[in-house]
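Coordinates from target_38.cif are shown below (mmCIF, C-alpha atoms and all ligand atoms).
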data_structure
#
loop_
_atom_site.label_atom_id
_atom_site.label_comp_id
_atom_site.auth_asym_id
_atom_site.auth_seq_id
_atom_site.Cartn_x
_atom_site.Cartn_y
_atom_site.Cartn_z
CA MET Z 1 -4.00 2.16 7.29
CA THR Z 2 -6.16 -0.88 6.56
CA LYS Z 3 -5.19 -4.37 7.70
CA GLN Z 4 -4.41 -5.24 4.09
CA GLU Z 5 -2.13 -2.22 3.74
CA LEU Z 6 -0.39 -3.11 7.00
CA CYS Z 7 0.23 -6.63 5.71
CA GLN Z 8 1.60 -5.27 2.43
CA THR Z 9 3.89 -2.94 4.38
CA ALA Z 10 5.23 -5.91 6.36
CA LEU Z 11 5.80 -7.82 3.11
CA ASP Z 12 7.61 -4.81 1.63
CA MET Z 13 9.97 -4.83 4.63
CA LEU Z 14 11.27 -8.28 3.66
CA SER Z 15 13.56 -6.55 1.17
CA ARG Z 16 15.15 -4.53 3.96
CA SER Z 17 16.02 -7.60 6.04
CA TYR Z 18 19.69 -8.14 6.79
CA SER Z 19 19.77 -11.89 7.25
CA PRO Z 20 22.87 -13.32 5.55
CA TYR Z 21 23.30 -16.02 8.22
CA SER Z 22 19.83 -17.52 8.53
CA ARG Z 23 18.68 -16.47 5.06
CA PHE Z 24 15.27 -16.09 6.67
CA PRO Z 25 13.95 -12.56 6.04
CA VAL Z 26 11.19 -11.22 8.28
CA GLY Z 27 9.28 -7.96 7.95
CA ALA Z 28 7.01 -6.24 10.45
CA ALA Z 29 4.61 -3.30 10.45
CA LEU Z 30 3.26 -1.99 13.75
CA ALA Z 31 0.10 0.14 13.80
CA CYS Z 32 -0.11 2.68 16.62
CA ALA Z 33 -3.29 3.96 18.24
CA ASP Z 34 -2.69 7.40 16.70
CA GLY Z 35 -2.69 5.92 13.20
CA SER Z 36 1.05 6.00 12.64
CA VAL Z 37 2.90 2.88 11.49
CA TYR Z 38 6.42 1.78 12.39
CA THR Z 39 8.24 -0.83 10.36
CA GLY Z 40 10.94 -3.34 11.15
CA CYS Z 41 13.01 -6.12 9.63
CA ASN Z 42 15.34 -8.64 11.19
CA ILE Z 43 18.94 -7.50 11.44
CA GLU Z 44 21.52 -10.22 12.02
CA ASN Z 45 25.12 -10.12 13.17
CA ALA Z 46 28.18 -12.30 12.59
CA ALA Z 47 28.31 -12.87 16.34
CA TYR Z 48 24.70 -14.14 16.14
CA GLY Z 49 23.76 -12.98 19.67
CA PRO Z 50 23.28 -9.30 18.81
CA SER Z 51 20.79 -10.18 16.05
CA VAL Z 52 17.35 -8.69 16.50
CA CYS Z 53 13.95 -9.73 15.18
CA ALA Z 54 11.76 -7.62 12.90
CA GLU Z 55 9.06 -7.20 15.56
CA ARG Z 56 11.42 -5.78 18.16
CA VAL Z 57 12.94 -3.37 15.65
CA ALA Z 58 9.44 -2.03 14.93
CA VAL Z 59 8.51 -1.77 18.64
CA PHE Z 60 11.78 -0.11 19.64
CA LYS Z 61 11.58 2.36 16.77
CA ALA Z 62 8.05 3.29 17.83
CA VAL Z 63 8.80 3.57 21.57
CA SER Z 64 11.91 5.62 20.91
CA GLU Z 65 9.75 8.04 18.93
CA GLY Z 66 7.34 8.43 21.85
CA LYS Z 67 4.67 5.88 20.84
CA ARG Z 68 3.44 3.36 23.41
CA GLU Z 69 -0.07 2.47 22.34
CA PHE Z 70 -0.30 -0.18 19.68
CA VAL Z 71 -3.31 -1.70 17.94
CA ARG Z 72 -1.92 -4.42 15.70
CA ILE Z 73 1.23 -5.80 14.16
CA ALA Z 74 1.68 -7.61 10.87
CA VAL Z 75 4.58 -10.06 10.62
CA ALA Z 76 5.63 -11.27 7.18
CA ALA Z 77 7.93 -14.10 6.17
CA SER Z 78 9.01 -15.27 2.75
CA THR Z 79 7.87 -18.80 3.53
CA LYS Z 80 4.60 -20.59 2.97
CA LYS Z 81 4.53 -21.39 6.70
CA PHE Z 82 3.44 -18.48 8.88
CA CYS Z 83 6.19 -16.97 11.06
CA ALA Z 84 4.95 -16.40 14.59
CA PRO Z 85 6.86 -14.01 16.90
CA CYS Z 86 9.60 -15.67 18.96
CA GLY Z 87 9.32 -15.85 22.74
CA VAL Z 88 11.47 -12.77 23.33
CA CYS Z 89 9.34 -10.69 20.95
CA ARG Z 90 6.16 -11.94 22.62
CA GLN Z 91 7.51 -10.71 25.95
CA VAL Z 92 8.44 -7.31 24.48
CA LEU Z 93 5.00 -6.96 22.87
CA GLN Z 94 3.39 -7.88 26.21
CA GLU Z 95 5.08 -4.93 27.90
CA PHE Z 96 3.29 -2.38 25.74
CA ALA Z 97 0.37 -4.14 24.12
CA PRO Z 98 -1.34 -7.02 25.95
CA ASP Z 99 -4.41 -6.47 23.75
CA LEU Z 100 -2.48 -6.40 20.47
CA GLU Z 101 -3.86 -7.99 17.31
CA VAL Z 102 -1.21 -10.05 15.51
CA ILE Z 103 -1.51 -10.78 11.81
CA LEU Z 104 0.86 -13.30 10.27
CA VAL Z 105 1.44 -13.02 6.52
CA ASN Z 106 3.02 -15.71 4.36
CA CYS Z 107 4.80 -15.48 1.01
CA ASP Z 108 1.51 -15.86 -0.86
CA GLY Z 109 -0.06 -12.97 1.04
CA GLU Z 110 -2.28 -15.32 3.01
CA THR Z 111 -2.97 -14.19 6.57
CA LYS Z 112 -3.62 -15.69 9.98
CA GLU Z 113 -5.08 -13.47 12.66
CA LEU Z 114 -4.14 -14.06 16.29
CA THR Z 115 -3.93 -12.00 19.45
CA GLN Z 116 -1.13 -11.33 21.87
CA ARG Z 117 -3.24 -13.19 24.45
CA ASP Z 118 -3.20 -16.26 22.20
CA LEU Z 119 0.57 -16.04 21.90
CA LEU Z 120 1.49 -15.39 25.52
CA PRO Z 121 -1.08 -16.66 28.01
CA TYR Z 122 -0.32 -16.47 31.74
CA SER Z 123 2.28 -13.80 31.07
CA PHE Z 124 4.81 -12.14 33.34
CA ASP Z 125 4.45 -8.37 33.37
CA GLY Z 126 4.71 -5.28 35.56
CA ASP Z 127 1.76 -6.37 37.69
CA SER Z 128 3.65 -9.53 38.60
CA LEU Z 129 6.35 -7.39 40.24
CA THR Z 130 4.00 -5.21 42.28
CA ASP Z 131 2.57 -8.26 44.04
CA CYS Z 132 5.81 -8.90 45.91
CA SER Z 133 5.78 -7.99 49.59
CA GLY Z 134 7.97 -8.67 52.62
CA ASP Z 135 10.75 -11.16 52.36
CA PRO Z 136 9.15 -14.25 50.80
CA ALA Z 137 12.46 -15.83 49.92
CA GLY Z 138 13.79 -15.45 53.48
CA LEU Z 139 16.88 -13.63 52.27
CA SER Z 140 17.31 -11.25 55.21
N1 LIG L 1 12.97 -13.75 13.31
C1 LIG L 1 12.23 -12.60 13.31
O1 LIG L 1 12.69 -11.55 12.86
N2 LIG L 1 11.00 -12.65 13.83
C2 LIG L 1 10.39 -13.79 14.29
O2 LIG L 1 9.25 -13.72 14.71
C3 LIG L 1 11.11 -15.06 14.28
C4 LIG L 1 12.51 -15.01 13.83
C5 LIG L 1 14.30 -13.72 12.70
C6 LIG L 1 15.44 -13.88 13.64
C7 LIG L 1 16.52 -14.37 12.71
O3 LIG L 1 17.12 -13.25 12.07
C8 LIG L 1 15.77 -15.17 11.67
O4 LIG L 1 14.42 -14.77 11.76
C9 LIG L 1 15.86 -16.68 11.84
O5 LIG L 1 15.54 -17.05 13.13
#
Using structure tokens, write down the structure that the file contains.
Amino acid sequence: MTKQELCQTALDMLSRSYSPYSRFPVGAALACADGSVYTGCNIENAAYGPSVCAERVAVFKAVSEGKREFVRIAVAASTKKFCAPCGVCRQVLQEFAPDLEVILVNCDGETKELTQRDLLPYSFDGDSLTDCSGDPAGLS
């Protein structure tokens, strides 16, 4: 799928958004290394807390289907302003795709190309955990 097609797929997902509380639909399309594409939209909840962003829906759908290598994600909003992934989504994307390309798409179909590295510099990841040795906090 071309970048343009991925962006259009993200825009198409705006209609699937369940966002009666924020009234802020978001659509996502995640391109895997094997050429497959997983889509997502934000899904809100009356209790607010259980709501989930479009990007995480796409990532979790893909991972649950056995995909873990991702090339790029397109994130579409129905606003003129580009919608960048929230902090939680950046952390989830970091887990699987530190080299991810991120394309933001606005309501006019205009795009802004970024990278996961732009969005989450100096990140915390699995390597951060393996560097822990002994009892640095003096807990024992
Ligand atoms: N939202 C996303 O789906 N992705 C983002 O990158 C930012 C925010 C959703 C969460 C919530 O349903 C609505 O947009 C307003 O915050």
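Residue nearest ligand LIG 1 (chain L), chosen from Z:Lys3, Z:Lys112, Z:Arg56, Z:Lys67 and counting all atoms listed in the file: Z:Arg56.
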Can you sort out the box for ligand LIG 1 (chain L), edges along x, y and z, all listed atoms in, 6 Å on every side, with centre and edge lengths in Å to one decimal, as lines of an AutoDock Vina configuration file?
center_x = 13.2
center_y = -14.3
center_z = 13.2
size_x = 19.9
size_y = 17.5
size_z = 15.0
Tell me, counting all atoms listed in the file, for each residue of chain Z within 6 Å of ligand LIG 1 (chain L), which pair of atoms is nearest and how far apart they are in Å to one decimal, in rows ordered by chain and increasing number, as a tab-separated table.
residue	atom	partner	partner_atom	distance
Z:Ser19	CA	L:LIG1	O3	5.7
Z:Ser22	CA	L:LIG1	C9	5.2
Z:Phe24	CA	L:LIG1	C8	5.1
Z:Val26	CA	L:LIG1	O1	4.8
Z:Asn42	CA	L:LIG1	O1	4.3
Z:Glu44	CA	L:LIG1	O3	5.3
Z:Cys53	CA	L:LIG1	O1	3.2
Z:Ala54	CA	L:LIG1	O1	4.0
Z:Cys83	CA	L:LIG1	O2	5.8
Z:Ala84	CA	L:LIG1	O2	5.1
Z:Pro85	CA	L:LIG1	O2	3.3
Z:Cys86	CA	L:LIG1	O2	4.7
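Counting from CA of Met13 (chain Z), the distance to CA of Pro50 (chain Z) is 20.0 Å.
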Item to complete: Find the residues around Thr2 (chain Z) up to 12 Å (all atoms listed in the file counted), leave out those fewer than 4 positions away in its own chain, and share them as a ChimeraX atom specification.
Response: /Z:6-9,29-31,35-37,71-74
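Considering all atoms listed in the file, the residue among Z:Arg68, Z:Gln4, Z:Asp99, Z:Ala76 positioned nearest to Thr39 (chain Z) is Z:Ala76.
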Worksheet item: Which one is closest to Gly87 (chain Z): Z:Val102, Z:Cys107, Z:Val75, Z:Leu119? Count all atoms listed in the file.
Response: Z:Leu119
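The shortest atom-to-atom distance to Leu104 (chain Z), with all atoms listed in the file taken into account, belongs to Z:Lys81 out of Z:Lys81, Z:Arg117, Z:Arg90, Z:Arg23.
Distance-wise, CA of Tyr48 (chain Z) and CA of Arg16 (chain Z) end up 18.2 Å apart.
What separates CA of Met1 (chain Z) from CA of Val52 (chain Z) is a distance of 25.7 Å.
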Discussion item. Residues near Gly40 (chain Z), anyone? I mean within 6 Å using all atoms listed in the file, not counting same-chain ones fewer than 5 positions away, as a VMD selection string.
Written reply: chain Z and resid 27 to 28 54 57 to 58
Worksheet item: From the list Z:Tyr38, Z:Ile43, Z:Gly109, Z:Leu93, which residue is nearest Ser64 (chain Z) when using only C-alpha atoms?
Response: Z:Tyr38
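In terms of minimum interatomic distance to Leu14 (chain Z), Z:Thr79 ranks closest within Z:Leu100, Z:Thr115, Z:Cys89, Z:Thr79, counting all atoms listed in the file.
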Item to complete: Find the residues with any atom within 6 Å of (25.2, -13.3, 10.1); use only C-alpha atoms and the coordinates as given in the file, and write the answer as an NGL selection string.
Response: :Z and (20-21 or 44-46)
